[in-house]
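Structure first, then comments.
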Amino acid sequence: MSGHSKWATIKRKKGAADAKRGQVFTRLTREIVMAAREGGGDTDSNFRLRLAVEKARGQNMPKENIERAIKRGTGEGKDGAVFEQVFYEGYAPNGVALMIECFTENRNRTVAEVRHVLTRSGGTLGEAGSVGWQFKRSAYFSVSGNESEMEKIFDLVVMAGADDVNYDDGSIEIIGPVESFKTIMDALRSGKYSMEDAELRMLPTNEMELNVGDTLQVLKSIESLEELDDVQNVFHNLHISEEALASLAEE
């Protein structure tokens, strides 16, 4: 999974997708709304909401915006828009499987936009279940650290329910079952480790590798999907090679 993490880092440095379109607050707001709607407005008992709020604070979202989003989610707000979480399945160019997570108040608009982007880039929108079997919903964490910290973190998170821990270039990635999300996050907090990412992801059970040119084509297709207002995350089964990452960094 390290290629995915490095790709995200490269995009952040370049100010891609969200930053270009000023969508950071919009996406964070929808994430807070969805979390509050599903689990209530108390960040102490709703760990998904707590995580969404922490992400928002990390992006310097004003306190009043966060509070307004929570109230929208719990039904106290004046905004009548009701968001729902939907997943669309399909293929990017070269047969790369995609799971596209959206938060939307208008499914017809969203599916039309997703289909248009995929078709334009040489991909296809599939039926429900067409690629979902290639992914597993998992708890995912990324922590800054060196190799010497790897063993300490490994012992800490495995006791909390983690399945896999990997180190790559200053980043420690932790993967575990969805039901262990809170216990792993609490374990990392107790160790005072700073989390770069902490979320539920659709992780591929097997990855496919393409040449550099085809990899870049697929990543551009994914970035086009991520630019859509309703798209929250795009998960894929593409292995991003070091050569492809080097080419991206040079662009």
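We label chains A, B, ... in the order they appear in the structure tokens, count residues from 1 in each chain, and number ligands from 1 in the order shown.
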With a distance cut-off of 9 Å and only C-alpha atoms, select the neighbouring residues of Leu51 of chain A, excluding the residue or stretch itself and same-chain residues fewer than 4 positions from it, and output the selection as a CSV table (one decimal) with C-alpha atoms, in the first residue's frame.
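Written output follows (result21.csv):
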chain,number,residue,atom,x,y,z
A,32,ILE,CA,-18.9,15.5,9.4
A,43,THR,CA,-17.4,13.2,19.5
A,46,ASN,CA,-18.9,8.7,18.0
A,47,PHE,CA,-15.3,7.9,16.9
A,55,LYS,CA,-9.4,16.2,10.0
A,56,ALA,CA,-11.4,19.5,9.7
A,198,ALA,CA,-6.9,7.2,10.2
A,199,GLU,CA,-10.0,6.1,8.2
**Request:** Fewer than 4 positions away in the same chain doesn't count, so skip those; otherwise give me all residues within 9 Å of segment 84-98 of chain A, counting only C-alpha atoms, as number ranges by chain.
**Result:** A: 34, 102-107, 111, 114, 118-119, 121-132, 134, 204, 207-208, 210, 214-215, 217-219, 221-222, 234-238
**Asked** What lies within 10 Å of segment 58-60 of chain A using only C-alpha atoms, ignoring chain neighbours under 6 positions off, as number ranges by chain?
**Response** A: 24-25, 28, 52
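Minimum distance to His116 of chain A across A:Ala36, A:Ile153, A:Leu245, A:Leu225 (counting only C-alpha atoms) occurs at A:Leu225.
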**Request:** Name the residues of segment 117-240 of chain A that fall into helix (DSSP H, G or I) according to DSSP on the backbone, using the chain letters and numbers of this document, as a PyMOL selection string.
**Result:** chain A and resi 117-121+132-134+147-159+178-190+212-226
**Nearest to Val157 of chain A by atom-to-atom distance, counting only C-alpha atoms, from A:Asn108, A:Ser190, A:Ser138, A:Ser144** =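 Smallest distance to Val157 of chain A is found for A:Ser190.
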**Fill in**
Here atom CA of Glu226 of chain A and atom CA of Arg115 of chain A stand apart by 13.0 Å
**Request:** Show which residues sit within 10 Å of Gln23 of chain A, as a list in words. Count only C-alpha atoms, and ignore same-chain residues fewer than 6 positions away.
**Result:** Ala17, Thr29, Glu227, Leu228 and Asp229 of chain A
**Asked** Hey, what's within 8 Å of Gly41 of chain A if we count only C-alpha atoms and toss same-chain stuff fewer than 2 positions away? As a list of chain:residue names, please?
**Response** A:Ala36, A:Arg37, A:Gly39, A:Thr43, A:Asn46, A:Leu49, A:Ile70, A:Lys71, A:Gly73, A:Thr74
**Message:** What does the structure give for the distance between atom CA of Asp168 of chain A and atom CA of Glu196 of chain A, in Å to one decimal?
**Reply:**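 It comes out at 13.9 Å.
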**Asked** Closest to Val158 of chain A among A:Val53, A:Val212, A:Ala69, A:Ile174, using only C-alpha atoms?
**Response**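 Nearest to Val158 of chain A: A:Ile174.
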**Request:** Could you please write out, as JSON, numbers by chain, every residue of segment 49-251 of chain A that DSSP assigns to strand (DSSP E or B)?
**Result:** {"A": [84, 85, 86, 87, 88, 89, 90, 91, 97, 98, 99, 100, 101, 102, 103, 104, 124, 125, 135, 136, 137, 138, 139, 140, 141, 142, 143, 144, 164, 165, 166, 167, 168, 171, 172, 173, 174, 175, 176, 177, 195, 196, 197, 198, 199, 200, 201, 202, 203, 204, 208, 209, 231, 232, 233, 234, 235, 236, 238, 239]}
Give me, as a PDB file with C-alpha atoms, in the first residue's frame, all polymer residues having an atom no more than 8 Å from Met150 of chain A, counting only C-alpha atoms and skipping those fewer than 5 positions away in the same chain.
ATOM      1  CA  GLY A 145       8.008   7.316  12.364  1.00  0.00           C
ATOM      2  CA  TYR A 167       7.204   0.515   7.227  1.00  0.00           C
ATOM      3  CA  ILE A 172       4.263   3.236   9.255  1.00  0.00           C
TER       4      ILE A 172
END
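Interatomic distance, atom CA of Gly40 of chain A against atom CA of Lys136 of chain A: 26.0 Å.
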